[in-house]
$ cat query_38.pdb   # PDB, C-alpha atoms and all ligand atoms
MODEL        1
ATOM      1  CA  MET A   1     219.487  94.158 121.451  1.00  0.00           C
ATOM      2  CA  THR A   2     218.505  94.705 117.838  1.00  0.00           C
ATOM      3  CA  ARG A   3     215.158  94.755 116.088  1.00  0.00           C
ATOM      4  CA  LEU A   4     214.249  91.995 113.658  1.00  0.00           C
ATOM      5  CA  SER A   5     211.426  92.385 111.158  1.00  0.00           C
ATOM      6  CA  MET A   6     210.197  89.470 109.109  1.00  0.00           C
ATOM      7  CA  LYS A   7     207.005  87.740 108.050  1.00  0.00           C
ATOM      8  CA  VAL A   8     205.806  84.755 110.038  1.00  0.00           C
ATOM      9  CA  ASN A   9     202.878  82.790 108.664  1.00  0.00           C
ATOM     10  CA  ASN A  10     202.177  85.634 106.289  1.00  0.00           C
ATOM     11  CA  LYS A  11     201.971  88.307 108.995  1.00  0.00           C
ATOM     12  CA  PRO A  12     204.598  90.995 109.544  1.00  0.00           C
ATOM     13  CA  VAL A  13     206.305  90.717 112.921  1.00  0.00           C
ATOM     14  CA  SER A  14     208.915  92.849 114.633  1.00  0.00           C
ATOM     15  CA  VAL A  15     210.765  91.685 117.735  1.00  0.00           C
ATOM     16  CA  GLU A  16     213.757  92.660 119.846  1.00  0.00           C
ATOM     17  CA  ILE A  17     216.485  90.042 119.790  1.00  0.00           C
ATOM     18  CA  GLU A  18     219.997  89.496 121.054  1.00  0.00           C
ATOM     19  CA  GLY A  19     222.791  88.430 118.759  1.00  0.00           C
ATOM     20  CA  ARG A  20     222.583  84.887 120.118  1.00  0.00           C
ATOM     21  CA  THR A  21     218.788  84.526 119.767  1.00  0.00           C
ATOM     22  CA  LEU A  22     217.752  81.486 117.743  1.00  0.00           C
ATOM     23  CA  LEU A  23     214.807  81.361 115.374  1.00  0.00           C
ATOM     24  CA  VAL A  24     213.089  78.741 117.516  1.00  0.00           C
ATOM     25  CA  GLN A  25     213.286  81.091 120.512  1.00  0.00           C
ATOM     26  CA  VAL A  26     211.650  83.885 118.537  1.00  0.00           C
ATOM     27  CA  LEU A  27     208.870  81.571 117.410  1.00  0.00           C
ATOM     28  CA  ARG A  28     208.143  79.926 120.750  1.00  0.00           C
ATOM     29  CA  GLU A  29     209.051  82.571 123.310  1.00  0.00           C
ATOM     30  CA  LYS A  30     208.339  85.863 121.570  1.00  0.00           C
ATOM     31  CA  LEU A  31     205.523  84.905 119.200  1.00  0.00           C
ATOM     32  CA  GLY A  32     203.895  82.075 121.175  1.00  0.00           C
ATOM     33  CA  LEU A  33     204.083  79.654 118.243  1.00  0.00           C
ATOM     34  CA  THR A  34     204.732  76.594 120.363  1.00  0.00           C
ATOM     35  CA  GLY A  35     203.826  74.097 117.655  1.00  0.00           C
ATOM     36  CA  THR A  36     207.512  74.191 116.720  1.00  0.00           C
ATOM     37  CA  HIS A  37     209.106  71.821 119.202  1.00  0.00           C
ATOM     38  CA  VAL A  38     212.580  71.561 120.703  1.00  0.00           C
ATOM     39  CA  GLY A  39     213.613  67.947 121.058  1.00  0.00           C
ATOM     40  CA  CYS A  40     217.379  68.141 121.275  1.00  0.00           C
ATOM     41  CA  ASP A  41     218.789  71.641 120.729  1.00  0.00           C
ATOM     42  CA  THR A  42     221.727  70.002 118.976  1.00  0.00           C
ATOM     43  CA  SER A  43     220.440  69.850 115.372  1.00  0.00           C
ATOM     44  CA  GLN A  44     219.685  66.151 115.436  1.00  0.00           C
ATOM     45  CA  CYS A  45     215.980  65.518 115.973  1.00  0.00           C
ATOM     46  CA  GLY A  46     214.179  67.752 113.470  1.00  0.00           C
ATOM     47  CA  ALA A  47     211.263  68.533 115.806  1.00  0.00           C
ATOM     48  CA  CYS A  48     211.978  72.229 115.210  1.00  0.00           C
ATOM     49  CA  VAL A  49     211.798  72.234 111.392  1.00  0.00           C
ATOM     50  CA  VAL A  50     210.113  75.278 109.854  1.00  0.00           C
ATOM     51  CA  HIS A  51     210.293  76.812 106.386  1.00  0.00           C
ATOM     52  CA  VAL A  52     212.440  79.890 105.775  1.00  0.00           C
ATOM     53  CA  ASP A  53     211.793  81.445 102.384  1.00  0.00           C
ATOM     54  CA  GLY A  54     210.326  78.104 101.364  1.00  0.00           C
ATOM     55  CA  LEU A  55     213.201  75.912 102.517  1.00  0.00           C
ATOM     56  CA  ALA A  56     212.991  73.462 105.437  1.00  0.00           C
ATOM     57  CA  MET A  57     215.374  74.446 108.227  1.00  0.00           C
ATOM     58  CA  LYS A  58     216.039  73.359 111.787  1.00  0.00           C
ATOM     59  CA  SER A  59     215.034  76.484 113.659  1.00  0.00           C
ATOM     60  CA  CYS A  60     217.191  75.546 116.667  1.00  0.00           C
ATOM     61  CA  SER A  61     220.220  76.010 114.434  1.00  0.00           C
ATOM     62  CA  VAL A  62     219.368  79.328 112.784  1.00  0.00           C
ATOM     63  CA  LEU A  63     220.393  82.651 114.313  1.00  0.00           C
ATOM     64  CA  ALA A  64     217.399  84.947 114.116  1.00  0.00           C
ATOM     65  CA  GLY A  65     219.569  87.960 113.371  1.00  0.00           C
ATOM     66  CA  GLY A  66     220.199  86.740 109.842  1.00  0.00           C
ATOM     67  CA  LEU A  67     216.520  86.604 108.961  1.00  0.00           C
ATOM     68  CA  GLU A  68     215.704  90.272 108.426  1.00  0.00           C
ATOM     69  CA  GLY A  69     213.022  90.424 105.706  1.00  0.00           C
ATOM     70  CA  CYS A  70     212.631  86.654 105.488  1.00  0.00           C
ATOM     71  CA  GLU A  71     209.368  84.726 105.325  1.00  0.00           C
ATOM     72  CA  VAL A  72     209.009  82.007 107.940  1.00  0.00           C
ATOM     73  CA  THR A  73     206.253  79.404 107.901  1.00  0.00           C
ATOM     74  CA  THR A  74     205.464  77.182 110.866  1.00  0.00           C
ATOM     75  CA  ILE A  75     203.187  74.243 111.545  1.00  0.00           C
ATOM     76  CA  GLU A  76     200.501  76.689 112.717  1.00  0.00           C
ATOM     77  CA  ALA A  77     200.024  77.803 109.101  1.00  0.00           C
ATOM     78  CA  MET A  78     199.523  74.334 107.663  1.00  0.00           C
ATOM     79  CA  ALA A  79     195.828  73.907 108.451  1.00  0.00           C
ATOM     80  CA  GLY A  80     193.152  75.966 106.698  1.00  0.00           C
ATOM     81  CA  PRO A  81     191.357  78.960 108.228  1.00  0.00           C
ATOM     82  CA  ASN A  82     188.757  76.781 109.916  1.00  0.00           C
ATOM     83  CA  GLY A  83     191.267  74.246 111.159  1.00  0.00           C
ATOM     84  CA  GLU A  84     190.838  71.846 108.256  1.00  0.00           C
ATOM     85  CA  LEU A  85     193.942  69.674 107.919  1.00  0.00           C
ATOM     86  CA  ASN A  86     196.009  69.916 104.771  1.00  0.00           C
ATOM     87  CA  ALA A  87     196.749  66.795 102.722  1.00  0.00           C
ATOM     88  CA  VAL A  88     199.896  65.843 104.622  1.00  0.00           C
ATOM     89  CA  GLN A  89     198.327  66.383 108.047  1.00  0.00           C
ATOM     90  CA  GLN A  90     195.235  64.431 107.035  1.00  0.00           C
ATOM     91  CA  ALA A  91     197.376  61.557 105.771  1.00  0.00           C
ATOM     92  CA  PHE A  92     199.335  61.469 109.052  1.00  0.00           C
ATOM     93  CA  GLN A  93     196.024  61.152 110.849  1.00  0.00           C
ATOM     94  CA  ASP A  94     194.557  58.601 108.429  1.00  0.00           C
ATOM     95  CA  PHE A  95     197.643  56.370 108.401  1.00  0.00           C
ATOM     96  CA  HIS A  96     198.551  56.723 112.084  1.00  0.00           C
ATOM     97  CA  GLY A  97     201.789  58.549 111.291  1.00  0.00           C
ATOM     98  CA  LEU A  98     201.980  59.785 114.868  1.00  0.00           C
ATOM     99  CA  GLN A  99     201.725  58.493 118.377  1.00  0.00           C
ATOM    100  CA  CYS A 100     202.883  60.973 121.040  1.00  0.00           C
ATOM    101  CA  GLY A 101     203.014  63.686 118.362  1.00  0.00           C
ATOM    102  CA  PHE A 102     206.195  65.335 119.584  1.00  0.00           C
ATOM    103  CA  CYS A 103     208.063  64.862 116.309  1.00  0.00           C
ATOM    104  CA  THR A 104     204.994  65.484 114.159  1.00  0.00           C
ATOM    105  CA  PRO A 105     205.280  69.239 113.497  1.00  0.00           C
ATOM    106  CA  GLY A 106     208.809  68.759 112.189  1.00  0.00           C
ATOM    107  CA  MET A 107     207.825  65.662 110.240  1.00  0.00           C
ATOM    108  CA  VAL A 108     204.929  67.478 108.577  1.00  0.00           C
ATOM    109  CA  MET A 109     207.081  70.503 107.718  1.00  0.00           C
ATOM    110  CA  SER A 110     209.793  68.275 106.257  1.00  0.00           C
ATOM    111  CA  ALA A 111     207.225  66.239 104.330  1.00  0.00           C
ATOM    112  CA  GLN A 112     205.690  69.422 102.899  1.00  0.00           C
ATOM    113  CA  SER A 113     209.100  70.533 101.791  1.00  0.00           C
ATOM    114  CA  LEU A 114     209.858  67.171 100.209  1.00  0.00           C
ATOM    115  CA  LEU A 115     206.578  67.138  98.265  1.00  0.00           C
ATOM    116  CA  ALA A 116     207.176  70.700  97.064  1.00  0.00           C
ATOM    117  CA  GLU A 117     210.525  69.567  95.625  1.00  0.00           C
ATOM    118  CA  ASN A 118     209.453  66.097  94.550  1.00  0.00           C
ATOM    119  CA  PRO A 119     205.670  65.582  94.248  1.00  0.00           C
ATOM    120  CA  LYS A 120     205.907  61.783  93.797  1.00  0.00           C
ATOM    121  CA  PRO A 121     208.816  60.608  95.940  1.00  0.00           C
ATOM    122  CA  THR A 122     209.690  56.952  96.179  1.00  0.00           C
ATOM    123  CA  GLU A 123     209.818  55.239  99.542  1.00  0.00           C
ATOM    124  CA  THR A 124     213.622  55.413  99.416  1.00  0.00           C
ATOM    125  CA  GLU A 125     213.534  59.122  98.642  1.00  0.00           C
ATOM    126  CA  ILE A 126     211.158  59.735 101.561  1.00  0.00           C
ATOM    127  CA  ARG A 127     213.372  57.806 103.963  1.00  0.00           C
ATOM    128  CA  HIS A 128     216.437  59.673 102.741  1.00  0.00           C
ATOM    129  CA  TYR A 129     214.724  63.076 103.058  1.00  0.00           C
ATOM    130  CA  LEU A 130     213.585  62.358 106.600  1.00  0.00           C
ATOM    131  CA  GLU A 131     217.032  61.343 107.826  1.00  0.00           C
ATOM    132  CA  GLY A 132     217.159  64.527 109.903  1.00  0.00           C
ATOM    133  CA  ASN A 133     213.821  63.880 111.600  1.00  0.00           C
ATOM    134  CA  LEU A 134     213.776  61.446 114.504  1.00  0.00           C
ATOM    135  CA  CYS A 135     210.693  59.699 115.887  1.00  0.00           C
ATOM    136  CA  ARG A 136     210.835  57.663 119.071  1.00  0.00           C
ATOM    137  CA  CYS A 137     207.357  56.148 118.742  1.00  0.00           C
ATOM    138  CA  THR A 138     206.212  55.060 115.303  1.00  0.00           C
ATOM    139  CA  GLY A 139     209.100  53.100 113.847  1.00  0.00           C
ATOM    140  CA  TYR A 140     208.654  55.399 110.799  1.00  0.00           C
ATOM    141  CA  HIS A 141     206.613  52.850 108.831  1.00  0.00           C
ATOM    142  CA  ASN A 142     203.324  54.727 109.095  1.00  0.00           C
ATOM    143  CA  ILE A 143     205.007  58.053 108.476  1.00  0.00           C
ATOM    144  CA  ILE A 144     206.258  56.707 105.152  1.00  0.00           C
ATOM    145  CA  ARG A 145     202.775  55.387 104.349  1.00  0.00           C
ATOM    146  CA  ALA A 146     201.250  58.768 105.174  1.00  0.00           C
ATOM    147  CA  ILE A 147     203.621  60.644 102.891  1.00  0.00           C
ATOM    148  CA  LEU A 148     203.102  58.169 100.058  1.00  0.00           C
ATOM    149  CA  ALA A 149     199.336  58.607 100.472  1.00  0.00           C
ATOM    150  CA  ALA A 150     199.609  62.407 100.649  1.00  0.00           C
ATOM    151  CA  SER A 151     201.432  62.318  97.323  1.00  0.00           C
ATOM    152  CA  GLY A 152     198.641  60.282  95.745  1.00  0.00           C
ATOM    153  CA  GLN A 153     200.617  57.046  95.627  1.00  0.00           C
ATOM    154  CA  ASN A 154     200.049  53.557  96.948  1.00  0.00           C
ATOM    155  CA  PRO A 155     200.620  53.886 100.697  1.00  0.00           C
ATOM    156  CA  GLU A 156     202.029  50.380 101.065  1.00  0.00           C
ATOM    157  CA  PRO A 157     205.832  50.635 100.786  1.00  0.00           C
ATOM    158  CA  ALA A 158     207.707  47.685  99.453  1.00  0.00           C
ATOM    159  CA  THR A 159     210.213  47.537 102.293  1.00  0.00           C
ATOM    160  CA  ALA A 160     209.230  45.690 105.448  1.00  0.00           C
ATOM    161  CA  VAL A 161     210.455  47.534 108.538  1.00  0.00           C
TER     162      VAL A 161
HETATM  163 FE1  LIG B 201     216.236  71.357 116.480  1.00  0.00          FE
HETATM  164 FE2  LIG B 201     216.283  68.935 117.621  1.00  0.00          FE
HETATM  165  S1  LIG B 201     215.458  70.773 118.401  1.00  0.00           S
HETATM  166  S2  LIG B 201     217.008  69.529 115.631  1.00  0.00           S
HETATM  167 FE1  LIG B 202     206.289  60.283 119.286  1.00  0.00          FE
HETATM  168 FE2  LIG B 202     207.268  60.652 116.835  1.00  0.00          FE
HETATM  169  S1  LIG B 202     205.210  60.235 117.399  1.00  0.00           S
HETATM  170  S2  LIG B 202     208.275  60.950 118.705  1.00  0.00           S
ENDMDL
END
$ encode --input "query_38.pdb" --output "structure tokens" --more "lines below"
Ligand code: FES
Ligand code: FES
Amino acid sequence: MTRLSMKVNNKPVSVEIEGRTLLVQVLREKLGLTGTHVGCDTSQCGACVVHVDGLAMKSCSVLAGGLEGCEVTTIEAMAGPNGELNAVQQAFQDFHGLQCGFCTPGMVMSAQSLLAENPKPTETEIRHYLEGNLCRCTGYHNIIRAILAASGQNPEPATAV
């Protein structure tokens, strides 16, 4: 066992981990941040996406031991202090970008990351960026609309799905 110290959602945390411990296990099992979901455990679904030092990563694929001193942000930090939704979350709600909601934390974290890199993405750029995020419910159409709306653009994509 070794000790890992990092910041999670702007708070310092220190936990005991094994060499094989994954970031998603630290978040869910040691810190109780269960908004980060595990959909596959094989790096395919994207339900576990969080930000590490500002970059979107699949937390099921990151060994926690390499994160000493890093800053991790999870879906729990997206809403404001009184639970007010941020622009991406609000757009997912407004445009029905979720159904069961299982993929939604990862989708929102990926969308945040995309908009940080590219504030006005095209529909094609959104679809390309979300290739690593799978949704079994929505058919993606309303997710694309939500992200277009969150970026201040016309939420009606040109491509029929
Ligand atoms: Fe990490 Fe599916 S649980 S990609
Ligand atoms: Fe159900 Fe995406 S809303 S998996």
$ closest_atom_pairs --input "query_38.pdb" --of "chain A" --to "ligand LIG 202 (chain B)" --cutoff "7 Å" --atoms "all atoms listed in the file" --output "tab-separated table"
residue	atom	partner	partner_atom	distance
A:Leu98	CA	B:LIG202	S1	4.1
A:Gln99	CA	B:LIG202	S1	4.0
A:Cys100	CA	B:LIG202	FE1	3.9
A:Gly101	CA	B:LIG202	S1	4.2
A:Phe102	CA	B:LIG202	S2	4.9
A:Cys103	CA	B:LIG202	FE2	4.3
A:Thr104	CA	B:LIG202	FE2	6.0
A:Leu134	CA	B:LIG202	S2	6.9
A:Cys135	CA	B:LIG202	FE2	3.7
A:Arg136	CA	B:LIG202	S2	4.2
A:Cys137	CA	B:LIG202	FE1	4.3
A:Thr138	CA	B:LIG202	S1	5.7
$ resolve_selection --input "query_38.pdb" --expression "the PyMOL selection byres (((chain A and resi 151) around 8) and not hetatm)" --output "PyMOL selection string"
chain A and resi 115+119-121+147-150+152-153
$ resolve_selection --input "query_38.pdb" --expression "the PyMOL selection byres (((not hetatm)) within 9 of (chain B and resi 201))" --output "mmCIF file with C-alpha atoms, in the frame of the given file"
data_model
loop_
_atom_site.group_PDB
_atom_site.id
_atom_site.type_symbol
_atom_site.label_atom_id
_atom_site.label_comp_id
_atom_site.auth_asym_id
_atom_site.auth_seq_id
_atom_site.Cartn_x
_atom_site.Cartn_y
_atom_site.Cartn_z
ATOM 1 C CA VAL A 24 213.089 78.741 117.516
ATOM 2 C CA THR A 36 207.512 74.191 116.720
ATOM 3 C CA HIS A 37 209.106 71.821 119.202
ATOM 4 C CA VAL A 38 212.580 71.561 120.703
ATOM 5 C CA GLY A 39 213.613 67.947 121.058
ATOM 6 C CA CYS A 40 217.379 68.141 121.275
ATOM 7 C CA ASP A 41 218.789 71.641 120.729
ATOM 8 C CA THR A 42 221.727 70.002 118.976
ATOM 9 C CA SER A 43 220.440 69.850 115.372
ATOM 10 C CA GLN A 44 219.685 66.151 115.436
ATOM 11 C CA CYS A 45 215.980 65.518 115.973
ATOM 12 C CA GLY A 46 214.179 67.752 113.470
ATOM 13 C CA ALA A 47 211.263 68.533 115.806
ATOM 14 C CA CYS A 48 211.978 72.229 115.210
ATOM 15 C CA VAL A 49 211.798 72.234 111.392
ATOM 16 C CA MET A 57 215.374 74.446 108.227
ATOM 17 C CA LYS A 58 216.039 73.359 111.787
ATOM 18 C CA SER A 59 215.034 76.484 113.659
ATOM 19 C CA CYS A 60 217.191 75.546 116.667
ATOM 20 C CA SER A 61 220.220 76.010 114.434
ATOM 21 C CA GLY A 106 208.809 68.759 112.189
ATOM 22 C CA GLY A 132 217.159 64.527 109.903
ATOM 23 C CA ASN A 133 213.821 63.880 111.600
ATOM 24 C CA LEU A 134 213.776 61.446 114.504
#
$ atom_distance --input "query_38.pdb" --atom1 "atom CA of Glu71 of chain A" --atom2 "atom CA of Thr122 of chain A"
29.2 Å
$ atom_distance --input "query_38.pdb" --atom1 "atom CA of Thr21 of chain A" --atom2 "atom CA of Leu4 of chain A"
10.7 Å
$ closest_atom_pairs --input "query_38.pdb" --of "segment 41-157 of chain A" --to "segment 6-9 of chain A" --cutoff "6 Å" --atoms "all atoms listed in the file" --output "Markdown table"
| residue | atom | partner | partner_atom | distance |
| --- | --- | --- | --- | --- |
| A:Glu68 | CA | A:Met6 | CA | 5.6 |
| A:Gly69 | CA | A:Met6 | CA | 4.5 |
| A:Cys70 | CA | A:Met6 | CA | 5.2 |
| A:Glu71 | CA | A:Lys7 | CA | 4.7 |
| A:Val72 | CA | A:Val8 | CA | 4.7 |
| A:Thr73 | CA | A:Asn9 | CA | 4.8 |
| A:Ala77 | CA | A:Asn9 | CA | 5.8 |
$ axis_aligned_box --input "query_38.pdb" --around "segment 18-25 of chain A" --padding-each-side "8 Å" --output "AutoDock Vina command-line options"
--center_x 217.9 --center_y 84.1 --center_z 118.2 --size_x 25.7 --size_y 26.8 --size_z 21.7
$ residues_near_point --input "query_38.pdb" --point "(206.3, 56.5, 105.1)" --cutoff "12 Å" --atoms "only C-alpha atoms" --output "PyMOL selection string"
chain A and resi 88+91-92+95-98+107-108+111+121-130+138-151+153-161
$ closest_residue --input "query_38.pdb" --among "A:Met78, A:Leu63, A:Ala56, A:Leu85" --to "Ser110 of chain A" --atoms "only C-alpha atoms"
A:Ala56
$ atom_distance --input "query_38.pdb" --atom1 "atom CA of Arg3 of chain A" --atom2 "atom CA of Val62 of chain A"
16.3 Å
$ closest_residue --input "query_38.pdb" --among "A:His51, A:Glu76, A:Gly83, A:Glu131" --to "Leu31 of chain A" --atoms "all atoms listed in the file"
A:Glu76
$ closest_residue --input "query_38.pdb" --among "A:Gln93, A:Val52, A:Pro105, A:Gly80" --to "Gly66 of chain A" --atoms "all atoms listed in the file"
A:Val52
$ decode --input "query_38.pdb" --residues "segment 99-130 of chain A" --atoms "C-alpha atoms" --output "compact mmCIF listing (two decimals), in the first residue's frame"
# COMPACT_ATOMS: atom_id res chain seq x y z
CA GLN A 99 -32.90 9.03 -20.81
CA CYS A 100 -31.66 6.49 -18.24
CA GLY A 101 -28.79 8.85 -17.39
CA PHE A 102 -26.13 6.18 -17.02
CA CYS A 103 -23.86 7.64 -19.69
CA THR A 104 -24.64 11.24 -18.77
CA PRO A 105 -21.83 12.01 -16.29
CA GLY A 106 -19.25 10.92 -18.85
CA MET A 107 -21.05 12.72 -21.65
CA VAL A 108 -21.16 15.96 -19.67
CA MET A 109 -17.49 15.70 -18.70
CA SER A 110 -16.48 15.02 -22.30
CA ALA A 111 -18.69 17.86 -23.55
CA GLN A 112 -17.13 20.26 -21.03
CA SER A 113 -13.72 19.25 -22.22
CA LEU A 114 -14.68 19.70 -25.86
CA LEU A 115 -16.09 23.19 -25.25
CA ALA A 116 -12.98 24.18 -23.31
CA GLU A 117 -10.87 23.23 -26.35
CA ASN A 118 -13.32 24.34 -29.01
CA PRO A 119 -16.04 26.76 -27.82
CA LYS A 120 -18.08 26.56 -31.06
CA PRO A 121 -17.74 23.00 -32.34
CA THR A 122 -19.55 21.89 -35.46
CA GLU A 123 -21.90 18.94 -35.35
CA THR A 124 -19.21 16.81 -37.01
CA GLU A 125 -16.63 17.89 -34.44
CA ILE A 126 -19.01 17.03 -31.60
CA ARG A 127 -19.72 13.59 -33.03
CA HIS A 128 -16.02 12.96 -33.53
CA TYR A 129 -15.16 14.10 -29.98
CA LEU A 130 -17.80 11.86 -28.44
